[in-house]
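Structure file work-v1.pdb (PDB, C-alpha atoms) follows.
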```pdb
MODEL        1
ATOM      1  CA  MET A 511      32.503 142.499  86.992
ATOM      2  CA  THR A 512      30.109 140.039  85.405
ATOM      3  CA  GLY A 513      27.928 137.452  87.051
ATOM      4  CA  ALA A 514      26.774 139.360  90.107
ATOM      5  CA  GLY A 515      25.290 137.245  92.854
ATOM      6  CA  VAL A 516      26.162 135.008  95.736
ATOM      7  CA  PRO A 517      26.741 131.259  95.833
ATOM      8  CA  GLN A 518      24.364 128.694  97.254
ATOM      9  CA  ASP A 519      25.605 127.420 100.608
ATOM     10  CA  SER A 520      25.167 123.626 100.600
ATOM     11  CA  TRP A 521      26.140 120.474 102.491
ATOM     12  CA  ALA A 522      27.135 116.948 101.510
ATOM     13  CA  GLU A 523      27.479 113.800 103.624
ATOM     14  CA  ILE A 524      30.604 112.133 102.240
ATOM     15  CA  GLY A 525      32.375 109.366 104.102
ATOM     16  CA  ASP A 526      33.240 110.590 107.593
ATOM     17  CA  LEU A 527      32.577 114.232 106.730
ATOM     18  CA  THR A 528      29.720 116.640 106.604
ATOM     19  CA  MET A 529      31.231 118.869 103.948
ATOM     20  CA  ARG A 530      30.136 122.424 103.383
ATOM     21  CA  TYR A 531      30.533 123.766  99.847
ATOM     22  CA  MET A 532      29.544 126.858  97.915
ATOM     23  CA  ASP A 533      28.029 126.374  94.483
ATOM     24  CA  TRP A 534      28.022 129.390  92.193
ATOM     25  CA  GLY A 535      25.652 127.653  89.758
ATOM     26  CA  GLY A 536      25.522 128.113  86.027
ATOM     27  CA  ASP A 537      25.451 125.749  83.072
ATOM     28  CA  GLY A 538      29.138 125.906  82.186
ATOM     29  CA  PRO A 539      31.715 123.150  82.722
ATOM     30  CA  PRO A 540      32.259 122.373  86.411
ATOM     31  CA  VAL A 541      35.326 123.687  88.223
ATOM     32  CA  ILE A 542      36.268 122.536  91.738
ATOM     33  CA  ALA A 543      38.052 125.351  93.602
ATOM     34  CA  LEU A 544      40.239 124.212  96.509
ATOM     35  CA  HIS A 545      41.438 126.677  99.149
ATOM     36  CA  GLY A 546      44.763 126.752 100.985
ATOM     37  CA  LEU A 547      45.832 125.696 104.457
ATOM     38  CA  ALA A 548      43.932 127.285 107.365
ATOM     39  CA  SER A 549      41.665 128.968 104.811
ATOM     40  CA  SER A 550      38.131 128.261 103.543
ATOM     41  CA  GLY A 551      36.114 128.021 100.357
ATOM     42  CA  HIS A 552      35.384 131.727 100.746
ATOM     43  CA  TRP A 553      38.928 132.426  99.485
ATOM     44  CA  TYR A 554      37.381 132.338  96.000
ATOM     45  CA  ASP A 555      34.605 134.842  96.750
ATOM     46  CA  LEU A 556      36.360 137.676  94.890
ATOM     47  CA  VAL A 557      37.435 135.505  91.937
ATOM     48  CA  ALA A 558      34.319 133.425  91.313
ATOM     49  CA  PRO A 559      32.092 136.302  90.094
ATOM     50  CA  TYR A 560      34.481 136.755  87.139
ATOM     51  CA  LEU A 561      34.258 133.038  86.313
ATOM     52  CA  ARG A 562      30.660 132.064  86.971
ATOM     53  CA  ASP A 563      29.266 133.146  83.595
ATOM     54  CA  ARG A 564      31.599 130.642  81.908
ATOM     55  CA  PHE A 565      31.903 127.868  84.482
ATOM     56  CA  ARG A 566      30.085 126.308  87.409
ATOM     57  CA  ILE A 567      32.370 127.097  90.355
ATOM     58  CA  ILE A 568      32.144 124.802  93.384
ATOM     59  CA  ALA A 569      34.276 125.787  96.377
ATOM     60  CA  PRO A 570      34.250 123.355  99.330
ATOM     61  CA  ASP A 571      35.574 123.824 102.821
ATOM     62  CA  GLN A 572      38.104 121.005 102.909
ATOM     63  CA  ARG A 573      38.485 118.516 105.755
ATOM     64  CA  GLY A 574      39.094 120.309 109.064
ATOM     65  CA  HIS A 575      38.476 123.755 107.562
ATOM     66  CA  GLY A 576      35.630 126.239 107.567
ATOM     67  CA  LYS A 577      32.307 124.628 108.460
ATOM     68  CA  THR A 578      33.263 121.111 107.362
ATOM     69  CA  THR A 579      33.753 118.384 109.975
ATOM     70  CA  GLN A 580      36.792 118.736 112.220
ATOM     71  CA  ALA A 581      38.077 115.242 111.429
ATOM     72  CA  SER A 582      40.979 114.069 113.598
ATOM     73  CA  THR A 583      42.590 112.074 110.767
ATOM     74  CA  GLY A 584      42.614 111.951 106.968
ATOM     75  CA  TYR A 585      45.067 114.733 106.092
ATOM     76  CA  ASP A 586      47.074 112.498 103.760
ATOM     77  CA  TRP A 587      46.914 113.147 100.015
ATOM     78  CA  GLY A 588      44.927 110.004  99.250
ATOM     79  CA  THR A 589      42.121 110.819 101.674
ATOM     80  CA  LEU A 590      42.014 114.516 100.725
ATOM     81  CA  ALA A 591      41.789 113.651  97.018
ATOM     82  CA  GLY A 592      39.084 111.110  97.843
ATOM     83  CA  ASP A 593      37.095 113.792  99.672
ATOM     84  CA  VAL A 594      36.957 115.744  96.402
ATOM     85  CA  THR A 595      35.870 112.786  94.276
ATOM     86  CA  ARG A 596      33.165 111.901  96.789
ATOM     87  CA  LEU A 597      31.881 115.487  96.612
ATOM     88  CA  MET A 598      31.859 115.189  92.824
ATOM     89  CA  ASP A 599      29.895 111.929  93.111
ATOM     90  CA  HIS A 600      27.398 113.672  95.413
ATOM     91  CA  LEU A 601      26.949 116.402  92.781
ATOM     92  CA  GLY A 602      26.755 113.972  89.864
ATOM     93  CA  ILE A 603      29.912 115.403  88.286
ATOM     94  CA  GLU A 604      31.891 112.853  86.272
ATOM     95  CA  ASN A 605      34.932 115.059  85.687
ATOM     96  CA  ALA A 606      35.933 118.662  86.232
ATOM     97  CA  SER A 607      38.780 121.107  86.073
ATOM     98  CA  VAL A 608      40.333 121.882  89.440
ATOM     99  CA  LEU A 609      41.797 125.065  90.913
ATOM    100  CA  GLY A 610      44.047 124.855  93.947
ATOM    101  CA  HIS A 611      45.450 127.775  95.921
ATOM    102  CA  SER A 612      48.578 127.197  98.042
ATOM    103  CA  TRP A 613      48.163 123.856  99.901
ATOM    104  CA  GLY A 614      45.032 123.368  97.799
ATOM    105  CA  GLY A 615      47.374 123.182  94.801
ATOM    106  CA  HIS A 616      48.979 120.111  96.374
ATOM    107  CA  VAL A 617      45.551 118.543  96.866
ATOM    108  CA  ALA A 618      44.725 119.392  93.237
ATOM    109  CA  SER A 619      47.904 117.785  91.867
ATOM    110  CA  ASN A 620      47.315 114.673  93.951
ATOM    111  CA  LEU A 621      43.734 114.537  92.676
ATOM    112  CA  THR A 622      45.017 114.499  89.080
ATOM    113  CA  VAL A 623      47.532 111.740  89.905
ATOM    114  CA  ARG A 624      45.224 109.503  91.943
ATOM    115  CA  HIS A 625      41.988 110.059  89.985
ATOM    116  CA  PRO A 626      43.064 111.142  86.481
ATOM    117  CA  ASP A 627      39.744 110.132  84.943
ATOM    118  CA  ARG A 628      37.976 112.736  87.102
ATOM    119  CA  VAL A 629      40.158 115.723  86.125
ATOM    120  CA  THR A 630      40.325 117.583  82.806
ATOM    121  CA  GLY A 631      43.025 120.072  83.854
ATOM    122  CA  ALA A 632      44.517 121.779  86.890
ATOM    123  CA  VAL A 633      45.419 125.354  87.833
ATOM    124  CA  LEU A 634      47.899 125.627  90.707
ATOM    125  CA  ILE A 635      47.568 129.127  92.180
ATOM    126  CA  ASP A 636      50.782 130.044  93.978
ATOM    127  CA  GLY A 637      50.851 126.505  95.303
ATOM    128  CA  GLY A 638      51.355 122.854  94.552
ATOM    129  CA  PHE A 639      55.055 123.418  93.855
ATOM    130  CA  GLN A 640      56.269 124.177  97.409
ATOM    131  CA  ASP A 641      58.833 121.536  98.370
ATOM    132  CA  GLY A 642      60.952 121.545 101.502
ATOM    133  CA  THR A 643      63.186 118.709 100.355
ATOM    134  CA  ILE A 644      64.837 119.792  97.111
ATOM    135  CA  ARG A 645      67.505 122.177  98.410
ATOM    136  CA  PRO A 646      70.862 120.789  99.577
ATOM    137  CA  GLY A 647      70.913 120.357 103.330
ATOM    138  CA  ALA A 648      67.112 120.454 103.659
ATOM    139  CA  THR A 649      65.871 119.336 107.074
ATOM    140  CA  TRP A 650      62.503 118.524 108.548
ATOM    141  CA  GLU A 651      63.117 121.022 111.365
ATOM    142  CA  ALA A 652      63.697 123.901 108.934
ATOM    143  CA  PHE A 653      60.658 122.980 106.851
ATOM    144  CA  ARG A 654      58.416 122.594 109.896
ATOM    145  CA  ASN A 655      59.468 126.016 111.144
ATOM    146  CA  ARG A 656      58.851 127.639 107.756
ATOM    147  CA  VAL A 657      55.281 126.298 107.493
ATOM    148  CA  ARG A 658      54.327 126.612 111.158
ATOM    149  CA  PRO A 659      50.821 127.927 111.935
ATOM    150  CA  ARG A 660      50.418 131.655 111.304
ATOM    151  CA  ASP A 661      50.029 134.193 114.083
ATOM    152  CA  VAL A 662      46.340 134.676 114.824
ATOM    153  CA  SER A 663      46.827 135.783 118.412
ATOM    154  CA  GLY A 664      44.796 138.525 120.023
ATOM    155  CA  ASN A 665      41.148 139.436 120.044
ATOM    156  CA  LYS A 666      39.040 140.073 116.965
ATOM    157  CA  GLU A 667      39.950 143.736 116.609
ATOM    158  CA  GLU A 668      43.650 143.047 117.084
ATOM    159  CA  PHE A 669      43.517 140.248 114.513
ATOM    160  CA  LEU A 670      41.639 142.365 111.980
ATOM    161  CA  GLY A 671      43.889 145.355 112.677
ATOM    162  CA  ARG A 672      46.967 143.391 111.633
ATOM    163  CA  LEU A 673      45.275 142.193 108.477
ATOM    164  CA  ARG A 674      43.963 145.643 107.572
ATOM    165  CA  GLU A 675      47.568 146.832 107.679
ATOM    166  CA  GLN A 676      48.993 143.853 105.785
ATOM    167  CA  LEU A 677      46.259 144.001 103.131
ATOM    168  CA  SER A 678      45.739 147.766 103.091
ATOM    169  CA  ASP A 679      45.919 147.932  99.292
ATOM    170  CA  CYS A 680      42.908 145.632  98.834
ATOM    171  CA  TRP A 681      40.997 145.679 102.150
ATOM    172  CA  SER A 682      37.196 145.766 102.033
ATOM    173  CA  ASP A 683      34.199 144.666 104.068
ATOM    174  CA  GLN A 684      33.942 141.609 101.830
ATOM    175  CA  LEU A 685      37.564 140.672 102.449
ATOM    176  CA  GLU A 686      36.974 141.060 106.184
ATOM    177  CA  GLY A 687      34.185 138.501 105.922
ATOM    178  CA  ILE A 688      36.437 136.155 103.962
ATOM    179  CA  VAL A 689      39.245 136.150 106.527
ATOM    180  CA  LEU A 690      36.800 135.777 109.419
ATOM    181  CA  SER A 691      35.480 132.574 107.811
ATOM    182  CA  MET A 692      38.851 130.954 108.605
ATOM    183  CA  VAL A 693      38.946 131.640 112.371
ATOM    184  CA  TYR A 694      36.785 131.644 115.491
ATOM    185  CA  GLU A 695      36.651 133.394 118.860
ATOM    186  CA  ASP A 696      37.381 131.144 121.822
ATOM    187  CA  GLU A 697      35.731 131.453 125.253
ATOM    188  CA  ALA A 698      38.308 134.048 126.266
ATOM    189  CA  GLY A 699      37.529 136.204 123.232
ATOM    190  CA  GLN A 700      40.799 135.262 121.532
ATOM    191  CA  ILE A 701      40.994 134.467 117.821
ATOM    192  CA  GLN A 702      42.018 130.928 116.860
ATOM    193  CA  ASP A 703      42.441 129.172 113.530
ATOM    194  CA  ILE A 704      39.581 126.792 112.749
ATOM    195  CA  LEU A 705      42.189 124.293 111.543
ATOM    196  CA  ARG A 706      43.364 122.670 114.749
ATOM    197  CA  PRO A 707      47.117 122.618 115.454
ATOM    198  CA  GLU A 708      47.232 118.808 115.550
ATOM    199  CA  ASN A 709      45.621 118.651 112.106
ATOM    200  CA  HIS A 710      47.942 121.343 110.756
ATOM    201  CA  ALA A 711      50.800 119.134 111.960
ATOM    202  CA  GLN A 712      49.416 116.175 109.988
ATOM    203  CA  VAL A 713      49.241 118.298 106.842
ATOM    204  CA  ILE A 714      52.840 119.475 106.968
ATOM    205  CA  GLN A 715      54.068 115.975 107.810
ATOM    206  CA  GLN A 716      52.403 114.746 104.609
ATOM    207  CA  MET A 717      53.958 117.611 102.623
ATOM    208  CA  TRP A 718      57.376 116.482 103.867
ATOM    209  CA  ASP A 719      56.812 112.740 103.462
ATOM    210  CA  GLU A 720      55.342 112.969  99.946
ATOM    211  CA  PRO A 721      56.551 116.308  98.572
ATOM    212  CA  ALA A 722      55.786 117.988  95.273
ATOM    213  CA  SER A 723      58.960 116.632  93.666
ATOM    214  CA  LYS A 724      57.565 113.105  94.069
ATOM    215  CA  VAL A 725      54.000 113.909  93.025
ATOM    216  CA  LEU A 726      54.317 116.326  90.100
ATOM    217  CA  PRO A 727      56.275 114.010  87.751
ATOM    218  CA  ARG A 728      53.191 111.758  87.778
ATOM    219  CA  VAL A 729      50.796 114.519  86.685
ATOM    220  CA  GLN A 730      49.558 113.689  83.186
ATOM    221  CA  LYS A 731      46.851 116.337  82.809
ATOM    222  CA  PRO A 732      47.294 119.837  81.346
ATOM    223  CA  THR A 733      48.472 122.054  84.185
ATOM    224  CA  LEU A 734      48.825 125.799  84.608
ATOM    225  CA  ILE A 735      51.021 127.142  87.412
ATOM    226  CA  VAL A 736      50.134 130.699  88.449
ATOM    227  CA  PRO A 737      52.801 131.978  90.859
ATOM    228  CA  ALA A 738      52.896 135.408  92.469
ATOM    229  CA  GLU A 739      55.770 137.467  91.064
ATOM    230  CA  PRO A 740      57.897 138.728  93.971
ATOM    231  CA  ARG A 741      57.562 142.442  94.483
ATOM    232  CA  PRO A 742      60.737 144.405  93.623
ATOM    233  CA  GLU A 743      61.846 144.845  97.219
ATOM    234  CA  ARG A 744      61.783 141.059  97.733
ATOM    235  CA  ALA A 745      62.913 139.900  94.288
ATOM    236  CA  ASN A 746      66.368 138.808  95.453
ATOM    237  CA  SER A 747      65.444 137.477  98.883
ATOM    238  CA  GLU A 748      66.272 133.874  99.747
ATOM    239  CA  PHE A 749      62.549 133.109  99.861
ATOM    240  CA  SER A 750      61.974 134.475  96.338
ATOM    241  CA  VAL A 751      64.982 132.636  94.918
ATOM    242  CA  MET A 752      63.726 129.405  96.495
ATOM    243  CA  ARG A 753      60.260 129.916  95.012
ATOM    244  CA  ARG A 754      61.691 130.423  91.528
ATOM    245  CA  GLU A 755      63.632 127.186  91.961
ATOM    246  CA  GLN A 756      60.462 125.380  93.013
ATOM    247  CA  VAL A 757      58.423 126.736  90.096
ATOM    248  CA  ALA A 758      61.223 125.771  87.687
ATOM    249  CA  MET A 759      61.272 122.255  89.139
ATOM    250  CA  ALA A 760      57.514 121.902  88.777
ATOM    251  CA  SER A 761      57.399 123.187  85.192
ATOM    252  CA  ARG A 762      60.251 120.864  84.253
ATOM    253  CA  VAL A 763      58.734 117.639  85.622
ATOM    254  CA  ILE A 764      55.087 118.109  84.543
ATOM    255  CA  ASP A 765      54.712 117.033  80.910
ATOM    256  CA  ALA A 766      51.950 119.423  79.818
ATOM    257  CA  CYS A 767      52.722 122.483  81.906
ATOM    258  CA  GLN A 768      52.398 126.220  81.434
ATOM    259  CA  VAL A 769      53.536 128.956  83.828
ATOM    260  CA  GLN A 770      51.929 132.399  84.072
ATOM    261  CA  TRP A 771      53.389 134.715  86.704
ATOM    262  CA  ILE A 772      51.145 137.476  88.072
ATOM    263  CA  SER A 773      52.871 140.655  89.165
ATOM    264  CA  ASP A 774      52.038 143.319  91.759
ATOM    265  CA  THR A 775      50.484 140.832  94.150
ATOM    266  CA  SER A 776      51.281 138.485  97.020
ATOM    267  CA  HIS A 777      50.582 134.870  97.922
ATOM    268  CA  ASP A 778      46.845 135.625  98.119
ATOM    269  CA  ILE A 779      46.492 136.542  94.452
ATOM    270  CA  GLY A 780      42.729 136.186  94.715
ATOM    271  CA  TYR A 781      42.625 139.124  97.138
ATOM    272  CA  HIS A 782      44.911 141.507  95.243
ATOM    273  CA  GLN A 783      44.298 140.614  91.599
ATOM    274  CA  PRO A 784      41.011 138.656  91.345
ATOM    275  CA  GLU A 785      40.145 139.914  87.858
ATOM    276  CA  GLU A 786      43.624 139.210  86.482
ATOM    277  CA  LEU A 787      43.662 135.763  88.084
ATOM    278  CA  ALA A 788      40.266 135.013  86.557
ATOM    279  CA  ARG A 789      41.477 136.165  83.129
ATOM    280  CA  VAL A 790      44.439 133.789  83.294
ATOM    281  CA  VAL A 791      42.251 130.914  84.513
ATOM    282  CA  ILE A 792      39.666 131.472  81.757
ATOM    283  CA  GLY A 793      42.347 131.521  79.072
ATOM    284  CA  PHE A 794      43.712 128.198  80.241
ATOM    285  CA  LEU A 795      40.392 126.432  80.839
ATOM    286  CA  ASP A 796      39.075 127.570  77.456
ATOM    287  CA  SER A 797      42.081 125.875  75.822
ATOM    288  CA  LEU A 798      41.339 122.438  77.289
TER     289      LEU A 798
ENDMDL
END
```
As structure tokens, how would this structure be written, given the file I've shared?
Amino acid sequence: MTGAGVPQDSWAEIGDLTMRYMDWGGDGPPVIALHGLASSGHWYDLVAPYLRDRFRIIAPDQRGHGKTTQASTGYDWGTLAGDVTRLMDHLGIENASVLGHSWGGHVASNLTVRHPDRVTGAVLIDGGFQDGTIRPGATWEAFRNRVRPRDVSGNKEEFLGRLREQLSDCWSDQLEGIVLSMVYEDEAGQIQDILRPENHAQVIQQMWDEPASKVLPRVQKPTLIVPAEPRPERANSEFSVMRREQVAMASRVIDACQVQWISDTSHDIGYHQPEELARVVIGFLDSL
């Protein structure tokens, strides 16, 4: 691994938020790295060291996540994209490439549509293409159930025990710190997501009301989609078939789009294959 070191933990007053962001420094072109739903900027901790010698990686905690303000509103695409541009203004960055994992991929695509002059290219990491509306018979109830808040019940040891089992092939002390940045212990010693349920509900409502199939056709910037290849035992599951349909839709409607599947991984590619993900990202960003 190149570029050993840790990022600078910084804060920005932008609009109604006090936004926490991690800045990996360096003199390379800036890259804004957006995490997924109920996650944090620390999601990129394992990937950024492979990128920081070539790029300046800036990973914020988005609205309602991590250590950033728990805003009660503003989970629509326009406000979320504006949060990013205001952070860029704070940092004196005129334009940047953007990475978006999962829900962060949706924020990234909306950033390119709503503020195209601020974006040079986008990498959608197993995200940005999820769409609950494109299949025949799609319903809000089915979509809401599929993207309901994850199970974070139990105390700290119970929570970590489940994750150690789920992520046994890549678990480490560093990964433990990453996942703990996304939750907190309540007064009863129970683990809760930092993203409040009422704010999670606003996010998924926006994903339904303005889905990827309406946003992606308006993307005019070079875009790389990096989906996780289903593992063999799940290759023919309904979920995997649906994901292939969604990726195909996205690659078809975005004018300048590439797709690079990564195998032997899961949704959290940055946990399982950080070096391979970084290699793919570098290849794309170097071509811009």
Report task. Would you mind telling me which residue in A:Asp571, A:Asp593, A:Glu667, A:Asp555 lies nearest to Asp526 in chain A when using all atoms listed in the file? Result ->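 Selected residue with least distance to Asp526 in chain A: A:Asp593.
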Query raised in the report: Using only C-alpha atoms, what residues lie at most 6 Å away from (45.2, 114.1, 97.4) (file coordinates), given as an NGL selection string?
Result: :A and (587-588 or 590-591 or 617 or 620-621)
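Separating CA of Asp683 in chain A from CA of Ala522 in chain A is a distance of 28.7 Å.
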Query raised in the report: When you draw a straight line from CA of Ile779 in chain A to CA of Pro646 in chain A, how long is it in Å?
Result: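 A separation of 29.5 Å between them.
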Requested in this report: For CA of Val736 in chain A and CA of Ala632 in chain A, quote the distance in Å rounded to one decimal.
Outcome: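 Result for CA of Val736 in chain A versus CA of Ala632 in chain A: 10.7 Å, one decimal.
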Resolved residues for the PyMOL selection byres ((chain A and resi 579) around 9) as a PDB file with C-alpha atoms, keeping the file's coordinate frame:
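out.pdb, freshly written:
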```
ATOM      1  CA  ASP A 526      33.240 110.590 107.593  1.00  0.00           C
ATOM      2  CA  LEU A 527      32.577 114.232 106.730  1.00  0.00           C
ATOM      3  CA  THR A 528      29.720 116.640 106.604  1.00  0.00           C
ATOM      4  CA  MET A 529      31.231 118.869 103.948  1.00  0.00           C
ATOM      5  CA  ARG A 530      30.136 122.424 103.383  1.00  0.00           C
ATOM      6  CA  GLN A 572      38.104 121.005 102.909  1.00  0.00           C
ATOM      7  CA  ARG A 573      38.485 118.516 105.755  1.00  0.00           C
ATOM      8  CA  GLY A 574      39.094 120.309 109.064  1.00  0.00           C
ATOM      9  CA  HIS A 575      38.476 123.755 107.562  1.00  0.00           C
ATOM     10  CA  GLY A 576      35.630 126.239 107.567  1.00  0.00           C
ATOM     11  CA  LYS A 577      32.307 124.628 108.460  1.00  0.00           C
ATOM     12  CA  THR A 578      33.263 121.111 107.362  1.00  0.00           C
ATOM     13  CA  GLN A 580      36.792 118.736 112.220  1.00  0.00           C
ATOM     14  CA  ALA A 581      38.077 115.242 111.429  1.00  0.00           C
TER      15      ALA A 581
END
```
Query raised in the report: Expanded to explicit residues, what is the PyMOL selection byres ((chain A and resi 596-612) around 8) for this file, as a PyMOL selection string?
Result: chain A and resi 522+524-525+539-547+592-595+613-618+627-638+777+795
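Taking only C-alpha atoms into account, Ser750 in chain A lies nearest to A:Gln640 out of the set A:Ala652, A:Gln640, A:Arg789, A:Ser520.
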Requested in this report: Kindly indicate which residue among A:Met717, A:Trp771, A:Tyr694, A:Ala766 lies nearest to Pro740 in chain A, using only C-alpha atoms for the distances.
Outcome: A:Trp771
Requested in this report: Could you tell me which of A:Ile704, A:Met759, A:Val729, A:Leu556 comes closest to Met692 in chain A if we count only C-alpha atoms?
Outcome: A:Ile704
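Compared by their closest atoms to Tyr781 in chain A, and using only C-alpha atoms, the residues A:Ser682, A:Thr622, A:Asn709, A:Asn665 rank with A:Ser682 nearest.
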